[in-house]
file work.txt (compact mmCIF, C-alpha atoms and all ligand atoms)
# COMPACT_ATOMS: atom_id res chain seq x y z
CA MET A 1 45.58 38.80 -25.90
CA ALA A 2 47.03 39.94 -29.24
CA GLN A 3 45.14 43.22 -28.88
CA ARG A 4 46.48 43.71 -25.37
CA LEU A 5 50.00 42.99 -26.55
CA ALA A 6 49.58 45.48 -29.38
CA GLY A 7 48.33 48.01 -26.84
CA SER A 8 51.51 47.60 -24.78
CA VAL A 9 53.90 48.68 -27.58
CA PRO A 10 55.91 51.62 -26.20
CA PRO A 11 55.71 54.96 -28.04
CA GLY A 12 58.13 55.08 -30.96
CA ALA A 13 58.40 51.27 -31.32
CA ASP A 14 56.56 49.05 -33.80
CA LEU A 15 54.74 45.83 -32.94
CA GLY A 16 57.24 43.59 -34.81
CA SER A 17 60.32 44.86 -33.00
CA TRP A 18 58.42 44.87 -29.71
CA LEU A 19 57.52 41.21 -30.14
CA THR A 20 61.12 40.39 -31.09
CA LEU A 21 62.33 42.11 -27.95
CA LEU A 22 59.83 40.18 -25.82
CA ALA A 23 60.86 36.90 -27.43
CA SER A 24 64.48 37.53 -26.54
CA GLU A 25 63.91 38.83 -23.05
CA ASP A 26 63.72 36.94 -19.77
CA LEU A 27 60.21 36.85 -18.33
CA ARG A 28 61.50 38.92 -15.41
CA GLY A 29 63.04 41.58 -17.66
CA PRO A 30 61.64 45.11 -17.95
CA ALA A 31 59.69 44.56 -21.20
CA TRP A 32 57.76 41.63 -19.77
CA CYS A 33 57.26 43.50 -16.51
CA ALA A 34 55.48 46.16 -18.52
CA VAL A 35 53.40 43.69 -20.53
CA LEU A 36 52.35 41.04 -18.02
CA PRO A 37 50.12 43.22 -15.82
CA THR A 38 48.17 44.15 -18.95
CA VAL A 39 47.65 40.60 -20.23
CA LEU A 40 47.27 38.59 -17.02
CA VAL A 41 44.14 38.63 -14.90
CA PRO A 42 44.76 38.91 -11.16
CA ARG A 43 41.11 38.34 -10.26
CA THR A 44 41.01 36.82 -6.80
CA GLU A 45 39.60 37.41 -3.34
CA PHE A 46 40.16 36.55 0.29
CA PHE A 47 38.77 33.18 1.36
CA ARG A 48 37.80 32.15 -2.12
CA TYR A 49 36.14 28.69 -2.07
CA PRO A 50 36.13 28.45 1.75
CA GLU A 51 35.15 24.77 1.66
CA GLN A 52 38.54 23.95 0.16
CA LEU A 53 40.35 25.96 2.83
CA LEU A 54 38.38 24.36 5.65
CA SER A 55 38.93 20.83 4.49
CA LEU A 56 42.61 21.58 4.02
CA ARG A 57 42.69 22.87 7.57
CA ALA A 58 41.16 19.62 8.77
CA ARG A 59 43.96 17.69 7.05
CA ILE A 60 46.82 19.94 8.07
CA PHE A 61 45.90 19.89 11.74
CA LYS A 62 46.09 16.14 11.86
CA ARG A 63 49.80 16.41 11.18
CA PRO A 64 52.31 16.58 14.00
CA ARG A 65 54.71 18.88 12.15
CA PRO A 66 54.38 22.37 10.66
CA GLY A 67 52.51 22.52 7.39
CA HIS A 68 53.95 23.89 4.16
CA VAL A 69 51.56 25.25 1.60
CA TRP A 70 52.25 26.77 -1.80
CA SER A 71 49.82 29.20 -3.34
CA ALA A 72 50.95 28.85 -6.97
CA ALA A 73 49.63 31.68 -9.17
CA CYS A 74 48.69 33.73 -6.11
CA ALA A 75 48.03 36.98 -8.04
CA THR A 76 47.95 39.83 -5.51
CA GLY A 77 48.28 37.55 -2.48
CA GLU A 78 44.77 37.22 -1.05
CA GLU A 79 44.82 33.43 -1.39
CA ALA A 80 48.19 33.12 0.38
CA PHE A 81 47.11 35.31 3.32
CA SER A 82 43.77 33.48 3.60
CA LEU A 83 45.64 30.19 3.82
CA ALA A 84 47.96 31.48 6.51
CA ALA A 85 45.03 32.89 8.53
CA CYS A 86 42.96 29.75 8.20
CA LEU A 87 45.73 27.19 8.73
CA GLY A 88 47.21 28.77 11.82
CA GLU A 89 50.58 29.60 13.26
CA ASP A 90 52.36 26.36 12.45
CA THR A 91 51.85 26.68 8.73
CA ARG A 92 54.17 28.49 6.35
CA VAL A 93 52.82 29.72 3.05
CA VAL A 94 54.68 30.65 -0.11
CA GLY A 95 52.86 32.63 -2.79
CA THR A 96 54.24 32.73 -6.33
CA ASP A 97 53.16 34.34 -9.56
CA LEU A 98 54.48 35.18 -13.00
CA CYS A 99 53.80 38.88 -12.65
CA GLN A 100 56.21 40.90 -10.54
CA GLU A 101 53.78 43.78 -10.24
CA PHE A 102 51.15 41.52 -8.66
CA LEU A 103 53.79 40.11 -6.33
CA GLY A 104 54.77 43.63 -5.29
CA LEU A 105 51.18 44.33 -4.33
CA ALA A 106 51.00 41.01 -2.49
CA ALA A 107 54.15 41.74 -0.50
CA ALA A 108 52.83 45.19 0.42
CA GLY A 109 49.82 43.45 1.99
CA ARG A 110 47.47 46.43 1.63
CA TYR A 111 44.08 46.15 0.01
CA PRO A 112 41.01 48.29 -0.66
CA ARG A 113 38.48 48.19 2.16
CA ARG A 114 35.84 46.39 0.07
CA ARG A 115 38.06 43.27 0.13
CA PHE A 116 37.14 42.97 3.81
CA ASP A 117 33.70 41.73 2.82
CA SER A 118 34.81 38.22 1.91
CA ILE A 119 36.85 37.70 5.10
CA PRO A 120 34.87 35.69 7.67
CA LEU A 121 34.50 37.62 10.90
CA VAL A 122 36.40 34.99 12.83
CA TYR A 123 39.57 35.83 10.87
CA ARG A 124 39.25 39.60 10.66
CA ARG A 125 41.48 40.11 13.69
CA GLU A 126 44.40 39.07 11.42
CA PHE A 127 43.77 42.15 9.29
CA GLN A 128 43.73 45.77 10.39
CA GLU A 129 41.96 48.81 9.08
CA VAL A 130 44.33 51.49 7.84
CA ALA A 131 43.74 54.76 6.04
CA GLY A 132 42.06 53.92 2.76
CA GLY A 133 41.87 50.18 3.24
CA ILE A 134 43.01 47.13 5.12
CA ALA A 135 46.46 45.80 5.89
CA ILE A 136 47.76 42.40 6.86
CA ARG A 137 48.94 42.36 10.47
CA PRO A 138 52.70 41.69 10.80
CA LYS A 139 52.18 38.39 12.63
CA LEU A 140 50.21 36.95 9.73
CA HIS A 141 52.46 38.57 7.16
CA GLY A 142 55.48 36.92 8.79
CA ARG A 143 54.14 33.48 7.89
CA VAL A 144 53.83 34.27 4.20
CA ARG A 145 56.54 34.88 1.68
CA PHE A 146 56.24 35.75 -1.99
CA GLN A 147 58.54 34.96 -4.86
CA TRP A 148 58.51 34.94 -8.62
CA SER A 149 57.90 31.62 -10.34
CA ASP A 150 56.67 30.40 -13.70
CA LEU A 151 54.36 27.40 -13.48
CA THR A 152 55.75 26.02 -16.73
CA ASP A 153 59.34 26.02 -15.47
CA PRO A 154 60.07 23.74 -12.49
CA ALA A 155 63.54 25.28 -12.15
CA SER A 156 61.81 28.46 -10.98
CA TYR A 157 59.64 26.74 -8.36
CA PRO A 158 60.08 27.69 -4.71
CA GLU A 159 62.36 25.45 -2.71
CA ARG A 160 60.59 22.22 -1.93
CA PRO A 161 60.18 21.69 1.82
CA ARG A 162 61.61 18.46 3.19
CA GLY A 163 59.24 15.69 2.19
CA GLY A 164 57.37 17.94 -0.25
CA TRP A 165 54.45 20.36 -0.01
CA ASP A 166 51.49 19.46 2.17
CA ALA A 167 49.29 21.36 -0.21
CA ILE A 168 49.60 23.26 -3.45
CA LEU A 169 46.82 25.53 -4.62
CA CYS A 170 46.88 26.22 -8.33
CA ARG A 171 43.45 27.68 -8.77
CA ASN A 172 42.17 29.54 -11.79
CA ALA A 173 45.49 29.72 -13.60
CA LEU A 174 45.45 26.64 -15.83
CA PHE A 175 43.13 28.31 -18.31
CA TYR A 176 46.16 30.25 -19.57
CA PHE A 177 47.63 27.07 -21.04
CA GLU A 178 46.64 24.85 -23.90
CA PRO A 179 45.74 21.28 -22.82
CA ARG A 180 49.15 19.71 -23.42
CA ARG A 181 50.96 22.39 -21.44
CA ARG A 182 48.27 22.18 -18.73
CA ARG A 183 48.93 18.47 -18.28
CA GLU A 184 52.65 19.12 -18.18
CA VAL A 185 52.25 21.76 -15.45
CA LEU A 186 50.12 19.36 -13.42
CA ARG A 187 52.77 16.67 -13.72
CA PHE A 188 55.39 19.13 -12.52
CA LEU A 189 53.23 20.15 -9.57
CA ALA A 190 52.45 16.53 -8.65
CA ARG A 191 56.17 15.90 -8.19
CA GLU A 192 56.36 18.71 -5.67
CA LEU A 193 53.71 17.23 -3.37
CA SER A 194 54.49 15.25 -0.25
CA LYS A 195 53.24 11.68 -0.05
CA GLU A 196 49.99 12.79 1.58
CA GLY A 197 50.01 16.25 0.02
CA VAL A 198 47.03 17.57 -1.89
CA LEU A 199 46.66 19.76 -4.94
CA PHE A 200 43.66 22.02 -5.24
CA LEU A 201 42.47 23.45 -8.53
CA GLY A 202 39.53 25.79 -8.93
CA PRO A 203 36.25 23.86 -8.41
CA ALA A 204 35.36 24.32 -12.08
CA GLU A 205 38.71 22.99 -13.29
CA GLN A 206 39.06 19.30 -13.91
CA VAL A 207 41.87 17.07 -15.00
CA THR A 208 41.70 13.57 -16.34
CA GLY A 209 44.18 11.11 -17.69
CA ILE A 210 47.15 12.28 -15.66
CA GLY A 211 48.70 9.19 -14.15
CA GLU A 212 50.64 11.26 -11.62
CA LEU A 213 47.42 12.44 -9.97
CA ARG A 214 44.42 10.75 -8.47
CA LEU A 215 41.22 12.43 -7.47
CA LEU A 216 40.49 12.53 -3.78
CA ARG A 217 37.16 13.46 -2.25
CA LEU A 218 37.85 15.43 0.91
CA ALA A 219 34.28 16.34 1.77
CA GLU A 220 30.95 16.68 0.09
CA GLY A 221 31.65 18.65 -3.08
CA VAL A 222 35.32 19.24 -2.19
CA TYR A 223 37.92 17.52 -4.33
CA ALA A 224 41.68 17.61 -4.47
CA TYR A 225 44.36 15.63 -6.26
CA GLN A 226 47.02 13.49 -4.74
CA ARG A 227 49.95 11.43 -5.92
CA PRO A 228 48.83 7.84 -6.38
CA ARG A 229 49.43 5.62 -3.39
CA ARG A 230 52.21 3.15 -3.98
CA PRO A 231 51.17 -0.37 -3.08
CA GLU A 232 54.41 -0.91 -1.11
CA SER A 233 53.25 1.71 1.39
CA SER A 234 50.99 -0.82 3.06
CA LEU A 235 53.70 -3.50 3.20
CA GLY A 236 55.61 -4.12 6.35
CA SER A 237 52.72 -3.16 8.59
CA SER A 238 51.61 -5.96 10.84
CA GLU A 239 48.63 -3.93 12.11
CA PRO A 240 45.32 -5.03 10.62
CA ALA A 241 43.43 -2.27 8.81
CA LYS A 242 41.41 -0.33 11.35
CA ALA A 243 37.70 0.18 10.79
CA VAL A 244 37.10 3.91 10.79
CA GLU A 245 34.10 6.09 10.41
CA PRO A 246 34.14 8.29 7.33
CA GLU A 247 35.96 11.53 8.04
CA PRO A 248 33.82 14.37 9.27
CA LEU A 249 33.32 17.15 6.79
CA PHE A 250 35.20 19.81 8.68
CA GLN A 251 37.19 19.23 11.81
CA ILE A 252 37.81 22.50 13.52
CA PRO A 253 41.12 22.27 15.31
CA PRO A 254 41.49 23.66 18.82
CA GLN A 255 44.19 26.09 17.68
CA VAL A 256 41.64 28.07 15.75
CA ALA A 257 39.56 28.64 18.83
CA GLU A 258 42.43 30.17 20.74
CA GLY A 259 42.62 33.89 21.24
CA GLY A 260 38.93 34.53 21.74
CA ALA A 261 37.99 34.91 18.12
CA SER A 262 34.67 36.62 17.81
CA TRP A 263 31.88 36.00 15.41
CA ASP A 264 28.62 37.77 15.68
CA GLY A 265 26.84 35.59 13.16
CA SER A 266 25.52 38.62 11.34
CA THR A 267 26.91 37.55 7.99
CA SER A 268 24.76 34.47 8.07
CA GLU A 269 21.58 36.41 7.55
CA GLY A 270 20.37 35.72 4.08
CA GLY A 271 23.18 33.16 3.50
CA SER A 272 22.48 30.00 1.55
CA PRO A 273 22.08 26.79 3.58
CA ARG A 274 25.59 25.78 2.51
CA GLU A 275 27.05 29.09 3.64
CA LEU A 276 25.27 28.61 6.97
CA LEU A 277 26.84 25.20 7.23
CA VAL A 278 30.33 26.58 6.58
CA GLU A 279 29.79 29.32 9.17
CA ALA A 280 28.53 26.76 11.66
CA ALA A 281 31.67 24.67 11.09
CA ALA A 282 33.87 27.67 11.82
CA LEU A 283 31.99 28.23 15.09
CA GLU A 284 31.91 24.70 16.39
CA LEU A 285 34.57 25.17 19.02
CA ASP A 286 34.26 28.87 19.75
CA ASP A 287 30.54 28.99 20.20
CA PRO A 288 28.79 25.61 19.86
CA GLU A 289 25.40 27.08 20.72
CA ALA A 290 25.62 29.57 17.86
CA ALA A 291 26.83 26.75 15.59
CA LYS A 292 23.78 24.68 16.52
CA ALA A 293 21.48 27.62 15.81
CA LEU A 294 23.03 28.04 12.37
CA LEU A 295 22.70 24.33 11.69
CA GLY A 296 19.02 24.49 12.62
CA GLN A 297 18.61 27.35 10.17
CA ALA A 298 20.51 25.46 7.47
CA ALA A 299 18.30 22.39 8.01
CA ALA A 300 15.15 24.49 7.79
CA GLU A 301 16.29 25.90 4.47
CA ALA A 302 17.88 22.76 3.04
CA ASP A 303 14.63 21.72 1.46
CA LEU A 304 15.08 18.45 -0.48
CA ASP A 305 18.86 18.58 -0.47
CA ALA A 306 19.76 15.17 1.00
CA ASN A 307 23.49 15.90 1.12
CA LEU A 308 22.91 19.04 3.10
CA HIS A 309 20.70 17.26 5.63
CA TRP A 310 23.40 14.63 5.93
CA GLU A 311 26.07 17.25 6.60
CA VAL A 312 23.84 18.95 9.15
CA GLY A 313 23.31 15.59 10.84
CA ARG A 314 27.01 14.92 10.91
CA ALA A 315 27.71 18.33 12.43
CA PHE A 316 25.02 17.86 15.10
CA ARG A 317 26.56 14.55 16.01
CA ARG A 318 29.99 16.14 16.36
CA LEU A 319 28.42 18.77 18.57
CA GLY A 320 27.07 16.08 20.90
CA GLU A 321 23.45 16.39 19.76
CA PRO A 322 22.56 12.88 18.63
CA ALA A 323 18.79 13.46 18.77
CA LEU A 324 19.07 16.43 16.38
CA ALA A 325 21.47 14.38 14.26
CA VAL A 326 18.87 11.59 14.03
CA GLU A 327 16.27 14.06 12.78
CA ALA A 328 18.54 15.52 10.11
CA LEU A 329 19.86 12.13 8.97
CA ARG A 330 16.38 10.66 8.70
CA ARG A 331 15.50 13.58 6.45
CA ALA A 332 18.61 12.92 4.34
CA LEU A 333 17.54 9.30 3.89
CA LEU A 334 14.00 10.32 3.09
CA PHE A 335 15.22 12.33 0.13
CA SER A 336 18.03 9.98 -0.84
CA PRO A 337 17.34 6.47 0.49
CA ASP A 338 20.59 5.07 -0.94
CA LEU A 339 22.89 7.52 0.84
CA TRP A 340 24.80 4.92 2.86
CA GLU A 341 26.88 7.56 4.58
CA ALA A 342 23.73 9.04 6.08
CA ALA A 343 22.48 5.61 7.15
CA PHE A 344 25.84 4.87 8.75
CA LEU A 345 25.81 8.09 10.76
CA LEU A 346 22.16 7.62 11.68
CA ALA A 347 22.96 4.21 13.13
CA GLY A 348 25.84 5.80 15.07
CA ALA A 349 23.59 8.55 16.46
CA LEU A 350 20.99 5.98 17.53
CA PHE A 351 23.77 4.00 19.16
CA ASP A 352 24.90 7.17 21.01
CA LEU A 353 21.33 7.54 22.28
CA GLY A 354 21.33 3.96 23.60
CA ARG A 355 18.63 2.95 21.10
CA TYR A 356 20.47 -0.26 20.28
CA ARG A 357 17.64 -2.18 18.61
CA GLU A 358 16.98 0.65 16.14
CA ALA A 359 20.71 1.19 15.70
CA GLN A 360 21.16 -2.49 14.86
CA GLY A 361 18.44 -2.27 12.19
CA VAL A 362 20.04 0.80 10.62
CA TYR A 363 23.53 -0.74 10.71
CA GLU A 364 22.08 -3.74 8.87
CA ARG A 365 20.49 -1.43 6.33
CA THR A 366 23.83 0.38 5.96
CA ARG A 367 25.57 -2.89 5.17
CA ARG A 368 23.06 -3.59 2.39
CA LEU A 369 23.61 -0.11 0.95
CA VAL A 370 27.36 -0.33 1.34
CA ALA A 371 27.47 -3.60 -0.61
CA GLY A 372 26.87 -1.59 -3.78
CA ALA A 373 29.54 0.99 -2.99
CA THR A 374 32.61 -1.04 -2.05
CA SER A 375 33.98 -1.05 -5.61
CA ASP A 376 34.56 2.72 -5.45
CA PRO A 377 38.20 3.02 -4.32
CA GLU A 378 37.62 6.60 -3.13
CA SER A 379 34.87 5.65 -0.73
CA ASN A 380 35.21 4.52 2.87
CA ALA A 381 32.54 1.89 2.29
CA ARG A 382 34.70 -1.09 3.13
CA GLU A 383 35.84 0.35 6.44
CA ALA A 384 32.28 1.39 7.21
CA ASP A 385 31.10 -2.15 6.55
CA ALA A 386 33.65 -3.51 9.02
CA THR A 387 32.51 -0.98 11.62
CA CYS A 388 28.87 -1.95 11.00
CA ARG A 389 29.62 -5.60 11.61
CA ASP A 390 31.37 -4.78 14.83
CA ARG A 391 28.61 -2.44 15.98
CA ILE A 392 25.85 -4.92 15.17
CA ALA A 393 27.53 -7.41 17.48
CA ARG A 394 27.77 -4.74 20.18
CA CYS A 395 24.11 -3.74 19.74
CA ILE A 396 23.07 -7.37 20.17
CA ALA A 397 25.23 -7.71 23.26
CA LEU A 398 23.97 -4.45 24.75
CA GLN A 399 20.31 -5.38 24.17
CA GLY A 400 20.95 -8.53 26.15
CA ASP A 401 22.30 -6.55 29.14
C1 LIG B 1 42.84 34.53 -11.92
S1 LIG B 1 44.36 34.62 -11.02
C2 LIG B 1 44.05 33.39 -9.79
C3 LIG B 1 44.44 33.83 -8.42
C4 LIG B 1 44.15 32.82 -7.31
N1 LIG B 1 44.86 31.58 -7.53
C5 LIG B 1 42.67 32.56 -7.17
O1 LIG B 1 42.16 31.53 -7.61
O2 LIG B 1 41.97 33.40 -6.59
C6 LIG B 1 45.46 33.81 -12.14
C7 LIG B 1 46.94 34.10 -11.86
O3 LIG B 1 47.75 33.19 -12.60
C8 LIG B 1 48.95 33.85 -12.88
N2 LIG B 1 49.69 33.13 -13.94
C9 LIG B 1 49.37 33.01 -15.24
N3 LIG B 1 50.30 32.30 -15.89
C10 LIG B 1 51.23 31.92 -14.96
C11 LIG B 1 52.44 31.19 -15.02
N4 LIG B 1 52.90 30.66 -16.17
N5 LIG B 1 53.14 31.03 -13.89
C12 LIG B 1 52.72 31.56 -12.72
N6 LIG B 1 51.58 32.28 -12.60
C13 LIG B 1 50.85 32.48 -13.72
C14 LIG B 1 48.48 35.23 -13.29
O4 LIG B 1 49.51 36.18 -13.20
C15 LIG B 1 47.36 35.50 -12.29
O5 LIG B 1 47.82 36.22 -11.19
call {"tool": "encode", "arguments": {"input": "work.txt", "output": "structure tokens"}}
result
Amino acid sequence: MAQRLAGSVPPGADLGSWLTLLASEDLRGPAWCAVLPTVLVPRTEFFRYPEQLLSLRARIFKRPRPGHVWSAACATGEEAFSLAACLGEDTRVVGTDLCQEFLGLAAAGRYPRRRFDSIPLVYRREFQEVAGGIAIRPKLHGRVRFQWSDLTDPASYPERPRGGWDAILCRNALFYFEPRRRREVLRFLARELSKEGVLFLGPAEQVTGIGELRLLRLAEGVYAYQRPRRPESSLGSSEPAKAVEPEPLFQIPPQVAEGGASWDGSTSEGGSPRELLVEAAALELDDPEAAKALLGQAAAEADLDANLHWEVGRAFRRLGEPALAVEALRRALLFSPDLWEAAFLLAGALFDLGRYREAQGVYERTRRLVAGATSDPESNAREADATCRDRIARCIALQGD
């Protein structure tokens, strides 16, 4: 950093006076505008960490109102445009960064052609080929706005939507700060979230000991942070807690299927089983048969990965293929016999198939497994246990019919 700063000294000036000038100048002033692009790293790409984007999409589409998402530290804008493409027409995205030059590139919305490679085929219609590269189509561009903001200064943050942001992505920027400042930034960001809003960091970034944030598991291997739930939120409700099945990994909303999006599946060749799974999720509504084929491929290559077999089983069940789900979930339990989530879904798939006696046995097994997991506040174990009890009674009744 010091070397880079030294390298930015204009001809005729010395380092000391240059540093004095920087210290006195606003971060948006001309001296900083010259320095920041040389010291900051705008490394980013379209659809970076797609699992995070897909699970965010599953959350956002459950909401009745438009979504508001903030791509904090958006660099040259790829993250903001990916969010807008993935989250659909009802979502507005604001991208912010410290570097005006990066923001200028983001607002221009033109990128070298090689950036196309990381855009899933299903979303490529939002981008158009132009001479020398790709450009964001106006419709998509219209849902994204860019503005300058410094993460360390809440006064510079974009205007908070009513109720707060549904999601804030602050990925791969915290490494610029020392730990105390990092925690401070996270506290600031937490205040900007809506009650149900989520904060994503880069998958390799972790925070602990910040009372304003609690870790939330959105899907296998996908984590976000949320403001802690206030106990009063459950008061005043006379409805008993409903027993629910654990949330599916990715729910593909109908909106995404509109417009005849095409996907030729060619990118899946040579993909890892997890990539196949993500591609299959994106295809579930558009082309369920292709999704099933990809899931079959993922299962064949999943080897001993119990979580992957579980996710394949879950996807097959969503696609109305309980027999294939049973196969995948049995494999998951073979490699990880304590995976209660797999047992729970297996029982459900057997139930779907009308195999009530087997389903009853697996629900009972799930309850035994769940007994060890109910202390984890992040897990759905308690609700699953209630569902198991209910289903066992139904299995017994249905066997008697
Ligand atoms: C490596 S890029 C990450 C881009 C994108 N979030 C991603 O994960 O692909 C880090 C960005 O953080 C920005 N940044 C660094 N310090 C910042 C600050 N104090 N306020 C806002 N942005 C900052 C940099 O300008 C850079 O564009």
call {"tool": "atom_distance", "arguments": {"input": "work.txt", "atom1": "atom CA of A:Phe200", "atom2": "atom CA of A:Ser55"}}
result
10.9 Å
call {"tool": "residues_near_ligand", "arguments": {"input": "work.txt", "ligand": "ligand LIG 1 (chain B)", "cutoff": "6 Å", "atoms": "all atoms listed in the file", "output": "list in words"}}
result
Leu40, Val41, Pro42, Arg43, Thr44, Glu45, Ala73, Cys74, Ala75, Glu79, Asp97, Leu98, Cys99, Ser149, Asp150, Leu151, Thr152, Cys170, Arg171, Asn172, Ala173 and Tyr176 of chain A
call {"tool": "write_last_selection", "arguments": {"input": "work.txt", "atoms": "C-alpha atoms", "output": "compact mmCIF listing (two decimals), in the frame of the given file"}}
result
# COMPACT_ATOMS: atom_id res chain seq x y z
CA LEU A 40 47.27 38.59 -17.02
CA VAL A 41 44.14 38.63 -14.90
CA PRO A 42 44.76 38.91 -11.16
CA ARG A 43 41.11 38.34 -10.26
CA THR A 44 41.01 36.82 -6.80
CA GLU A 45 39.60 37.41 -3.34
CA ALA A 73 49.63 31.68 -9.17
CA CYS A 74 48.69 33.73 -6.11
CA ALA A 75 48.03 36.98 -8.04
CA GLU A 79 44.82 33.43 -1.39
CA ASP A 97 53.16 34.34 -9.56
CA LEU A 98 54.48 35.18 -13.00
CA CYS A 99 53.80 38.88 -12.65
CA SER A 149 57.90 31.62 -10.34
CA ASP A 150 56.67 30.40 -13.70
CA LEU A 151 54.36 27.40 -13.48
CA THR A 152 55.75 26.02 -16.73
CA CYS A 170 46.88 26.22 -8.33
CA ARG A 171 43.45 27.68 -8.77
CA ASN A 172 42.17 29.54 -11.79
CA ALA A 173 45.49 29.72 -13.60
CA TYR A 176 46.16 30.25 -19.57
call {"tool": "residues_around", "arguments": {"input": "work.txt", "residues": "A:Leu333", "least_positions_apart": "3", "cutoff": "10 Å", "atoms": "all atoms listed in the file", "output": "ChimeraX atom specification"}}
result
/A:306-307,309-310,328-330,336-343,346
call {"tool": "atom_distance", "arguments": {"input": "work.txt", "atom1": "atom CA of A:Val9", "atom2": "atom CA of A:Thr96"}}
result
26.6 Å
call {"tool": "residues_around", "arguments": {"input": "work.txt", "residues": "stretch 22-24 of chain A", "least_positions_apart": "4", "cutoff": "12 Å", "atoms": "all atoms listed in the file", "output": "ChimeraX atom specification"}}
result
/A:5,8-9,15-18,28-36
call {"tool": "residues_around", "arguments": {"input": "work.txt", "residues": "A:Ala84", "least_positions_apart": "4", "cutoff": "8 Å", "atoms": "all atoms listed in the file", "output": "PyMOL selection string"}}
result
chain A and resi 80+88-89+91-93+140+143-144
call {"tool": "closest_residue", "arguments": {"input": "work.txt", "among": "A:Leu304, A:Leu277, A:Ala359, A:Leu174", "to": "A:Leu334", "atoms": "all atoms listed in the file"}}
result
A:Leu304
call {"tool": "closest_residue", "arguments": {"input": "work.txt", "among": "A:Leu369, A:Glu78, A:Ala397, A:Ile168", "to": "A:Asp385", "atoms": "all atoms listed in the file"}}
result
A:Leu369
call {"tool": "closest_residue", "arguments": {"input": "work.txt", "among": "A:Arg124, A:Arg391, A:Arg355, A:Arg318", "to": "A:Arg367", "atoms": "only C-alpha atoms"}}
result
A:Arg391
call {"tool": "closest_residue", "arguments": {"input": "work.txt", "among": "A:Lys139, A:Arg145, A:Arg115, A:Arg394", "to": "A:Val69", "atoms": "only C-alpha atoms"}}
result
A:Arg145
call {"tool": "residues_around", "arguments": {"input": "work.txt", "residues": "A:Ala190", "least_positions_apart": "6", "cutoff": "10 Å", "atoms": "only C-alpha atoms", "output": "MDAnalysis selection string"}}
result
chainID A and resid 164:165 168 184 197:199 210:214 225:228
call {"tool": "atom_distance", "arguments": {"input": "work.txt", "atom1": "atom CA of A:Phe335", "atom2": "atom CA of A:Gln297"}}
result
18.4 Å
call {"tool": "closest_residue", "arguments": {"input": "work.txt", "among": "A:Ala280, A:Leu27, A:Leu201, A:Leu193", "to": "A:Val222", "atoms": "all atoms listed in the file"}}
result
A:Leu201
